[in-house]
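Participant: Mind having a look at this structure? Questions to follow.
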Amino acid sequence: MGQDEVEIVHTAHTSLVILVPGLGDDIQAIKAGIIEIADIFVINKCDRDGADKVERDLRLVLEMGRRREESWEPLIFKTEAISGKGIFELVYGIVRHKQALEQNKLLERKLKERTKTTFLEILESEVMTHFVEKLEKEGDWGKIIDDLMNRRTDPYSLAQRIMAEELRKK
């Protein structure tokens with residue numbers, strides 16, 4: 001699973017994975033582990049050849065997979081976006097997922113996790129900006145790079161030393 005998929009899971013209440021038969025992305029999604037992030041699967045362009053096979057393959061993979069601790073089993077919807085086929089059912093499925101999150105108190109937990117993740121990302125960015133500005137102001141980059149390249153220190157030890165020095169000043 002890539003970084004983008006991880007970020008989506010921490011951002012959205014309901015994650016949809018949309019597959020289109022005949023493009024090969026259906027099998028790639030299953031192989032890539034994206035199957036684990038979806039709350040709902042949508043097989044769009046369900047009028048194309050292979051839509052039923054995608055659904056069967058998906059159901060098989062879901063049945064073989066591990067049960068989710070949230071007591072929510074991913075739903076599968078077949079749609080045809082241009083004609084509107086299956087869209088009402090999909091929207092209803094999204095509403096059902098939200099209701100399940102609320103009933104199991106998982107919506108609140110997701111909101112807490114999202115708040116924590118957002119704060120940590122901001123904190124990380126601010127701390128990084130502070131240290132980079134400090135190192136640039138003091139002109140330490142040359143010595144740092146030289147020490148690292150000549151293996152007089154390692155990046156982890158150096159980072160810990162710089163942070164410890166900065167925290168002692170406060």
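Simple scheme: letters A, B, ... for chains in structure tokens order, numbers from 1 for residues in each chain, numbers from 1 for ligands in the order shown.
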Tell me which protein, DNA and RNA residues are within 6 Å of Lys78 of chain A, counting only C-alpha atoms, leaving out same-chain ones fewer than 4 positions away, and put them as a list in words.
Facilitator: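 Answer for this query is Val42, Ile43, Asn44 and Cys46 of chain A.
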Participant: Skipping near chain neighbours, those fewer than 3 positions away, what residues fall within 10 Å of Val54 of chain A using only C-alpha atoms, listed as a list in words?
Facilitator: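 Surrounding residues, per the criterion: Leu19, Val20, Pro21, Gly22, Gly24, Asp26, Ile27, Ile43, Cys46, Asp49, Gly50, Ala51, Asp57, Leu58, Arg59 and Leu60 of chain A.
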Participant: From the options A:His97, A:Lys169, A:Lys53, A:Lys105, which residue's atoms come nearest to Ile40 of chain A, counting only C-alpha atoms?
Facilitator: A:His97
Participant: Using DSSP assignments from the backbone, pull out every residue in segment 69-160 of chain A that falls under strand (DSSP E or B) and give it to me as a count of residues only.
Facilitator: 6
Participant: Among segment 132-170 of chain A, which residues carry a DSSP assignment of alpha helix (DSSP H), reported as an NGL selection string?
Facilitator: :A and (132-138 or 141-149 or 155-169)
Participant: Let's have the selection written as a compact mmCIF listing (two decimals), in the first residue's frame, with C-alpha atoms.
Facilitator:
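Result file follows (result18.txt):
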```txt
# COMPACT_ATOMS: atom_id res chain seq x y z
CA VAL A 132 16.58 24.14 8.98
CA GLU A 133 16.38 27.91 9.53
CA LYS A 134 18.68 27.62 12.55
CA LEU A 135 21.26 25.56 10.68
CA GLU A 136 21.18 27.95 7.71
CA LYS A 137 21.48 31.02 9.97
CA GLU A 138 24.43 29.57 11.87
CA TRP A 141 25.54 22.85 6.87
CA GLY A 142 29.11 22.52 5.59
CA LYS A 143 30.37 20.96 8.82
CA ILE A 144 27.32 18.70 9.09
CA ILE A 145 27.65 17.37 5.55
CA ASP A 146 31.44 16.98 5.96
CA ASP A 147 31.04 15.06 9.24
CA LEU A 148 28.43 12.77 7.70
CA MET A 149 30.37 12.14 4.48
CA PRO A 155 22.72 10.99 10.88
CA TYR A 156 20.76 9.62 13.83
CA SER A 157 23.34 10.58 16.44
CA LEU A 158 23.83 13.98 14.86
CA ALA A 159 20.09 14.68 14.79
CA GLN A 160 19.77 13.67 18.46
CA ARG A 161 22.73 15.88 19.41
CA ILE A 162 21.34 18.92 17.57
CA MET A 163 17.90 18.44 19.15
CA ALA A 164 19.41 17.96 22.64
CA GLU A 165 21.47 21.16 22.24
CA GLU A 166 18.42 23.11 21.14
CA LEU A 167 16.27 21.79 23.99
CA ARG A 168 18.98 22.65 26.57
CA LYS A 169 18.89 26.28 25.36
```
Participant: Out of A:Thr115, A:Thr129, A:Thr79, A:Asn150, which residue has the shortest atom-to-atom distance to Ile18 of chain A when counting only C-alpha atoms?
Facilitator: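 For Ile18 of chain A, the nearest of the given residues is A:Thr79.
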Participant: Just checking: using only C-alpha atoms, which residue out of A:Glu63, A:Ile34, A:Ser71, A:Phe41 ends up closest to Gln103 of chain A?
Facilitator: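 Nearest candidate to Gln103 of chain A out of A:Glu63, A:Ile34, A:Ser71, A:Phe41: A:Ser71.
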Participant: For each of A:Trp72, A:Ala81, A:Leu120, A:Leu62, take the minimum atom-to-atom distance to Glu102 of chain A, counting only C-alpha atoms, then give the residue where this is smallest.
Facilitator: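 When distances to Glu102 of chain A are compared using only C-alpha atoms, the smallest one comes from A:Trp72.
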Participant: Using only C-alpha atoms, which residue out of A:Gln99, A:Ser83, A:Asn104, A:Thr117 lies closest to Thr11 of chain A?
Facilitator: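 That would be A:Thr117, the residue with the smallest distance to Thr11 of chain A.
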Participant: List as a list in words the protein and nucleic acid residues near segment 35-38 of chain A, meaning an atom at most 6 Å away when only C-alpha atoms are counted, but skip any in the same chain fewer than 6 places from it.
Facilitator: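 Counting only the stated atoms, we get Ser15, Leu16 and Val17 of chain A.
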Participant: Could those selected residues go to a file with C-alpha atoms, as a PDB file, in the first residue's frame?
Facilitator:
```pdb
ATOM      1  CA  SER A  15     -12.947   4.998   1.601  1.00  0.00           C
ATOM      2  CA  LEU A  16     -14.165   3.910  -1.818  1.00  0.00           C
ATOM      3  CA  VAL A  17     -12.102   1.944  -4.298  1.00  0.00           C
TER       4      VAL A  17
END
```
Participant: Could you tell me how far atom CA of Arg48 of chain A sits from atom CA of Leu23 of chain A, in Å to one decimal place?
Facilitator: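 Taking atom CA of Leu23 of chain A as the start and atom CA of Arg48 of chain A as the end point, the length is 10.6 Å.
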Participant: Just give me the gap between atom CA of Glu73 of chain A and atom CA of Glu113 of chain A in Å, one decimal is fine.
Facilitator: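 For atom CA of Glu73 of chain A relative to atom CA of Glu113 of chain A, the distance reads 21.1 Å.
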Participant: Which neighbours of His13 of chain A fall inside 12 Å, counting only C-alpha atoms, when residues of the same chain fewer than 3 positions from it are skipped, and could you give them as a list in words?
Facilitator: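 Contacts, with the query itself left out: Glu7, Ile8, Val9, His10, Leu16, Ile37, Ala38, Asp39, Ile40, Ile94, Val95, Arg96, His97, Lys98, Gln99, Ala100, Leu101, Glu102, Leu106, Leu107, Glu108, Arg109, Lys110, Leu111, Lys112, Glu113 and Arg114 of chain A.
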